[in-house]
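Asks: Before I ask anything, here is the structure I am working with.
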Amino acid sequence: KAGVTQTPRYLIKTRGQQVTLSCSPISGHRSVSWYQQTPGQGLQFLFEYFSETQRNKGNFPGRFSGRQFSNSRSEMNVSTLELGDSALYLCASSLDLRGYTFGSGTRLTVV
Amino acid sequence: AQRVTQPEKLLSVFKGAPVELKCNYSYSGSPELFWYVQYSRQRLQLLLRHISRESIKGFTADLNKGETSFHLKKPFAQEEDSAMYYCALWRDDKIIFGKGTRLHILP
């Protein structure tokens with residue numbers, strides 16, 4: 001079966017712009033989580049959605065937001081981009097809320 | 001606050017030698033712990049979880065509640081084990097990751 005698909009794979013944006021990243025979970029998985037991965041901070045939890053509801057949120061500013069659609073696909077939005085937002089953004093889906101399957105990520109570069 | 005600590009950023013081990021990647025956690029309840037691995041240019045993937053007490057690719061990890069540790073071990077390192085390893089704690093519908101240890105297997 002298809003894995004977790006993230007699009008696009010790479011993005012280059014300018015400071016102040018906004019960006020939307022997309023994640024398609026494994027079929028049947030209703031939980032989708034987002035993580036930011038950077039060399040300095042490692043993997044940091046952004047938020048988790050289950051059946052279109054955000055159940056948990058990490059310690060990120062309000063510029064970071066997300067949503068989940070009825071087909072479990074999820075999008076993440078970052079507004080007013082800053083240089084420090086450059087990172088690999090990972091999406092993970094889960095059936096049993098524990099064993100996450102990760103996508104390949106979207107590498108965002110802010111210039 | 002829940003925390004996962006991996007004290008080594010880099011661990012270099014000769015091929016055939018034993019491997020131990022250290023992980024300590026801080027959590028007041030009953031932890032659910034995992035090891036994830038990221039090989040070069042591949043996606044992050046689950047290696048093992050403590051509740052299943054399984055051995056994957058020769059790796060094992062035992063939960064020691066007294067020492068609050070969940071060290072990853074393998075008796076004989078192989079070159080293909082070179083990767084980034086993350087220890088992780090699950091609770092409240094999210095996974096808290098350690099900073100990771102890069103394992104480098106020397107020929």
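So you can find residues: chains in the structure tokens are A, B, ... in the order shown, residues in each start at 1, and ligands are numbered from 1 in order.
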Pull out every residue of chain B that has at least one atom within 7 Å of chain A, counting only C-alpha atoms, and report them as a list in words.
Replies: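 So the contacting residues turn out to be Arg43, Leu44, Gln45, Trp90, Asp93, Phe97 and Lys99 of chain B.
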Asks: So which residues touch Ala77 in chain B within 8 Å, counting only C-alpha atoms, skipping near sequence neighbours fewer than 6 positions away, as a list in words?
Replies: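 Counting only the stated atoms, we get Val13, Phe14, Lys15, Gly16, Ala17, Pro18, Val19 and Ile105 of chain B.
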Asks: Just want the 6 Å neighbourhood of Trp35 in chain B, counted on only C-alpha atoms, with same-chain residues fewer than 2 positions away dropped. Output as a PyMOL selection string.
Replies: chain B and resi 47-48+86-87
Asks: Could you write out the selected residues, including N, CA, C and O atoms, as a PDB file, in the first residue's frame?
Replies:
ATOM      1  N   LEU B  47      12.041   1.558  14.294  1.00  0.00           N
ATOM      2  CA  LEU B  47      12.926   0.410  14.430  1.00  0.00           C
ATOM      3  C   LEU B  47      12.305  -0.608  15.382  1.00  0.00           C
ATOM      4  O   LEU B  47      12.145  -1.776  15.041  1.00  0.00           O
ATOM      5  N   LEU B  48      11.966  -0.144  16.579  1.00  0.00           N
ATOM      6  CA  LEU B  48      11.297  -1.041  17.501  1.00  0.00           C
ATOM      7  C   LEU B  48      10.599  -0.247  18.590  1.00  0.00           C
ATOM      8  O   LEU B  48      10.860   0.926  18.802  1.00  0.00           O
ATOM      9  N   TYR B  86      17.046   7.740  16.704  1.00  0.00           N
ATOM     10  CA  TYR B  86      16.297   8.605  17.609  1.00  0.00           C
ATOM     11  C   TYR B  86      15.523   7.760  18.607  1.00  0.00           C
ATOM     12  O   TYR B  86      14.770   6.863  18.233  1.00  0.00           O
ATOM     13  N   CYS B  87      15.693   8.089  19.864  1.00  0.00           N
ATOM     14  CA  CYS B  87      14.870   7.512  20.912  1.00  0.00           C
ATOM     15  C   CYS B  87      13.650   8.405  21.081  1.00  0.00           C
ATOM     16  O   CYS B  87      13.744   9.634  20.927  1.00  0.00           O
TER      17      CYS B  87
END
Asks: Leaving out Ser27 in chain A and any residue of its chain fewer than 5 positions from it, which residues lie within 9 Å of it when counting only C-alpha atoms, given as a ChimeraX atom specification?
Replies: /A:1-4,72
Asks: Please compute the CA of Gln6 in chain B-CA of Ile95 in chain B distance, one decimal, in Å.
Replies: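 Computed distance, CA of Gln6 in chain B to CA of Ile95 in chain B, equals 15.1 Å.
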Asks: Apply DSSP to the structure's backbone, then extract all residues of range 12-87 of chain A labelled strand (DSSP E) and return them as a ChimeraX atom specification.
Replies: /A:12-13,19-24,31-38,42-50,53-57,64-68,74-78,87
Asks: Do you know which residues are at most 6 Å from Tyr10 in chain A counting only C-alpha atoms, after dropping those on the same chain fewer than 2 positions away, and could you put them as an mmCIF file with N, CA and C atoms, in the first residue's frame?
Replies:
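Final output, part-v6.cif:
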data_model
loop_
_atom_site.group_PDB
_atom_site.id
_atom_site.type_symbol
_atom_site.label_atom_id
_atom_site.label_comp_id
_atom_site.auth_asym_id
_atom_site.auth_seq_id
_atom_site.Cartn_x
_atom_site.Cartn_y
_atom_site.Cartn_z
ATOM 1 N N PRO A 8 5.072 19.796 -1.610
ATOM 2 C CA PRO A 8 6.136 19.382 -2.518
ATOM 3 C C PRO A 8 7.338 18.816 -1.760
ATOM 4 N N THR A 106 9.109 17.662 3.466
ATOM 5 C CA THR A 106 9.233 18.814 2.572
ATOM 6 C C THR A 106 10.359 19.674 3.116
ATOM 7 N N ARG A 107 11.352 19.895 2.268
ATOM 8 C CA ARG A 107 12.473 20.746 2.709
ATOM 9 C C ARG A 107 12.165 22.179 2.313
#
Asks: Give me, as an MDAnalysis selection string, all polymer residues having an atom no more than 7 Å from range 102-104 of chain B, counting only C-alpha atoms and skipping those fewer than 3 positions away in the same chain.
Replies: chainID B and resid 9:13 82:85
Asks: I need the residues from that last selection saved to file as a CSV table (one decimal), in the first residue's frame (with N, CA and C atoms), if you can.
Replies:
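Result file is result_16.csv:
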chain,number,residue,atom,x,y,z
B,9,LYS,N,26.1,12.5,20.6
B,9,LYS,CA,25.7,13.0,19.2
B,9,LYS,C,26.2,12.1,18.2
B,10,LEU,N,27.4,11.6,18.4
B,10,LEU,CA,28.1,10.7,17.5
B,10,LEU,C,28.7,9.5,18.2
B,11,LEU,N,28.5,8.3,17.6
B,11,LEU,CA,29.1,7.1,18.2
B,11,LEU,C,29.8,6.4,17.0
B,12,SER,N,31.1,6.2,17.1
B,12,SER,CA,31.8,5.4,16.1
B,12,SER,C,32.2,4.1,16.7
B,13,VAL,N,31.9,3.0,15.9
B,13,VAL,CA,32.1,1.6,16.4
B,13,VAL,C,32.7,0.8,15.3
B,82,SER,N,25.0,2.0,10.0
B,82,SER,CA,25.4,3.4,10.0
B,82,SER,C,24.1,4.2,9.6
B,83,ALA,N,23.7,5.1,10.6
B,83,ALA,CA,22.5,5.8,10.4
B,83,ALA,C,22.3,6.8,11.6
B,84,MET,N,21.2,7.6,11.5
B,84,MET,CA,20.9,8.4,12.7
B,84,MET,C,19.8,7.7,13.5
B,85,TYR,N,19.9,7.6,14.8
B,85,TYR,CA,19.0,6.9,15.6
B,85,TYR,C,18.4,7.8,16.6
Asks: Taking 2 positions as the minimum chain separation for residues in the same chain, which residues sit within 10 Å of Val110 in chain A when counting only C-alpha atoms? Answer as a list in words.
Replies: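 Once the nearby chain positions are removed, what remains is Leu11, Ile12, Lys13, Thr14, Arg15, Gly16, Gln17, Leu81, Glu82, Leu83, Gly84, Asp85, Ser86, Ala87, Arg107 and Leu108 of chain A.
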Asks: Restricting it to N, CA, C and O atoms, dump the selection as a PDB file, in the first residue's frame.
Replies:
ATOM      1  N   LEU A  11      10.976  23.415  -1.403  1.00  0.00           N
ATOM      2  CA  LEU A  11      10.369  24.729  -1.545  1.00  0.00           C
ATOM      3  C   LEU A  11      11.389  25.793  -1.186  1.00  0.00           C
ATOM      4  O   LEU A  11      12.088  25.651  -0.185  1.00  0.00           O
ATOM      5  N   ILE A  12      11.428  26.845  -1.961  1.00  0.00           N
ATOM      6  CA  ILE A  12      12.234  28.011  -1.611  1.00  0.00           C
ATOM      7  C   ILE A  12      11.299  29.200  -1.571  1.00  0.00           C
ATOM      8  O   ILE A  12      10.586  29.476  -2.543  1.00  0.00           O
ATOM      9  N   LYS A  13      11.287  29.863  -0.425  1.00  0.00           N
ATOM     10  CA  LYS A  13      10.398  31.008  -0.231  1.00  0.00           C
ATOM     11  C   LYS A  13      11.211  32.188   0.298  1.00  0.00           C
ATOM     12  O   LYS A  13      12.303  32.025   0.850  1.00  0.00           O
ATOM     13  N   THR A  14      10.617  33.357   0.160  1.00  0.00           N
ATOM     14  CA  THR A  14      11.248  34.589   0.641  1.00  0.00           C
ATOM     15  C   THR A  14      10.662  34.961   1.992  1.00  0.00           C
ATOM     16  O   THR A  14       9.480  34.676   2.264  1.00  0.00           O
ATOM     17  N   ARG A  15      11.467  35.575   2.817  1.00  0.00           N
ATOM     18  CA  ARG A  15      10.987  36.058   4.115  1.00  0.00           C
ATOM     19  C   ARG A  15       9.711  36.860   3.950  1.00  0.00           C
ATOM     20  O   ARG A  15       9.588  37.681   3.043  1.00  0.00           O
ATOM     21  N   GLY A  16       8.769  36.638   4.845  1.00  0.00           N
ATOM     22  CA  GLY A  16       7.512  37.363   4.795  1.00  0.00           C
ATOM     23  C   GLY A  16       6.409  36.662   4.016  1.00  0.00           C
ATOM     24  O   GLY A  16       5.227  36.973   4.205  1.00  0.00           O
ATOM     25  N   GLN A  17       6.802  35.731   3.152  1.00  0.00           N
ATOM     26  CA  GLN A  17       5.788  34.995   2.404  1.00  0.00           C
ATOM     27  C   GLN A  17       5.132  33.944   3.288  1.00  0.00           C
ATOM     28  O   GLN A  17       5.513  33.737   4.429  1.00  0.00           O
ATOM     29  N   LEU A  81       6.914  34.073   6.823  1.00  0.00           N
ATOM     30  CA  LEU A  81       8.085  33.223   6.971  1.00  0.00           C
ATOM     31  C   LEU A  81       9.303  33.987   7.474  1.00  0.00           C
ATOM     32  O   LEU A  81       9.545  35.147   7.088  1.00  0.00           O
ATOM     33  N   GLU A  82      10.050  33.293   8.342  1.00  0.00           N
ATOM     34  CA  GLU A  82      11.313  33.821   8.865  1.00  0.00           C
ATOM     35  C   GLU A  82      12.429  32.881   8.437  1.00  0.00           C
ATOM     36  O   GLU A  82      12.191  31.706   8.138  1.00  0.00           O
ATOM     37  N   LEU A  83      13.672  33.416   8.450  1.00  0.00           N
ATOM     38  CA  LEU A  83      14.808  32.590   8.055  1.00  0.00           C
ATOM     39  C   LEU A  83      14.892  31.322   8.901  1.00  0.00           C
ATOM     40  O   LEU A  83      15.234  30.245   8.413  1.00  0.00           O
ATOM     41  N   GLY A  84      14.546  31.461  10.169  1.00  0.00           N
ATOM     42  CA  GLY A  84      14.632  30.326  11.088  1.00  0.00           C
ATOM     43  C   GLY A  84      13.610  29.231  10.836  1.00  0.00           C
ATOM     44  O   GLY A  84      13.667  28.178  11.460  1.00  0.00           O
ATOM     45  N   ASP A  85      12.688  29.485   9.932  1.00  0.00           N
ATOM     46  CA  ASP A  85      11.690  28.456   9.599  1.00  0.00           C
ATOM     47  C   ASP A  85      12.245  27.452   8.598  1.00  0.00           C
ATOM     48  O   ASP A  85      11.589  26.449   8.297  1.00  0.00           O
ATOM     49  N   SER A  86      13.432  27.711   8.082  1.00  0.00           N
ATOM     50  CA  SER A  86      14.062  26.770   7.154  1.00  0.00           C
ATOM     51  C   SER A  86      14.280  25.447   7.875  1.00  0.00           C
ATOM     52  O   SER A  86      14.930  25.405   8.929  1.00  0.00           O
ATOM     53  N   ALA A  87      13.737  24.393   7.325  1.00  0.00           N
ATOM     54  CA  ALA A  87      13.791  23.096   7.997  1.00  0.00           C
ATOM     55  C   ALA A  87      13.209  22.030   7.090  1.00  0.00           C
ATOM     56  O   ALA A  87      12.671  22.323   6.022  1.00  0.00           O
ATOM     57  N   ARG A 107      11.352  19.895   2.268  1.00  0.00           N
ATOM     58  CA  ARG A 107      12.473  20.746   2.709  1.00  0.00           C
ATOM     59  C   ARG A 107      12.165  22.179   2.313  1.00  0.00           C
ATOM     60  O   ARG A 107      12.106  22.504   1.123  1.00  0.00           O
ATOM     61  N   LEU A 108      11.974  23.009   3.322  1.00  0.00           N
ATOM     62  CA  LEU A 108      11.657  24.422   3.113  1.00  0.00           C
ATOM     63  C   LEU A 108      12.897  25.257   3.364  1.00  0.00           C
ATOM     64  O   LEU A 108      13.541  25.141   4.410  1.00  0.00           O
TER      65      LEU A 108
END
Asks: DSSP on the backbone: what in chain B comes out helix (DSSP H, G or I), as a list in words?
Replies: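 The helix (DSSP H, G or I) subset of chain B is His50, Ile51, Ser52, Glu79, Glu80 and Asp81 of chain B.
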Asks: Which one is closest to Glu79 in chain B: B:Tyr39, B:Gly66, B:Ile96, B:Thr101? Count only C-alpha atoms.
Replies: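 Under the stated criterion, the closest residue is B:Tyr39.
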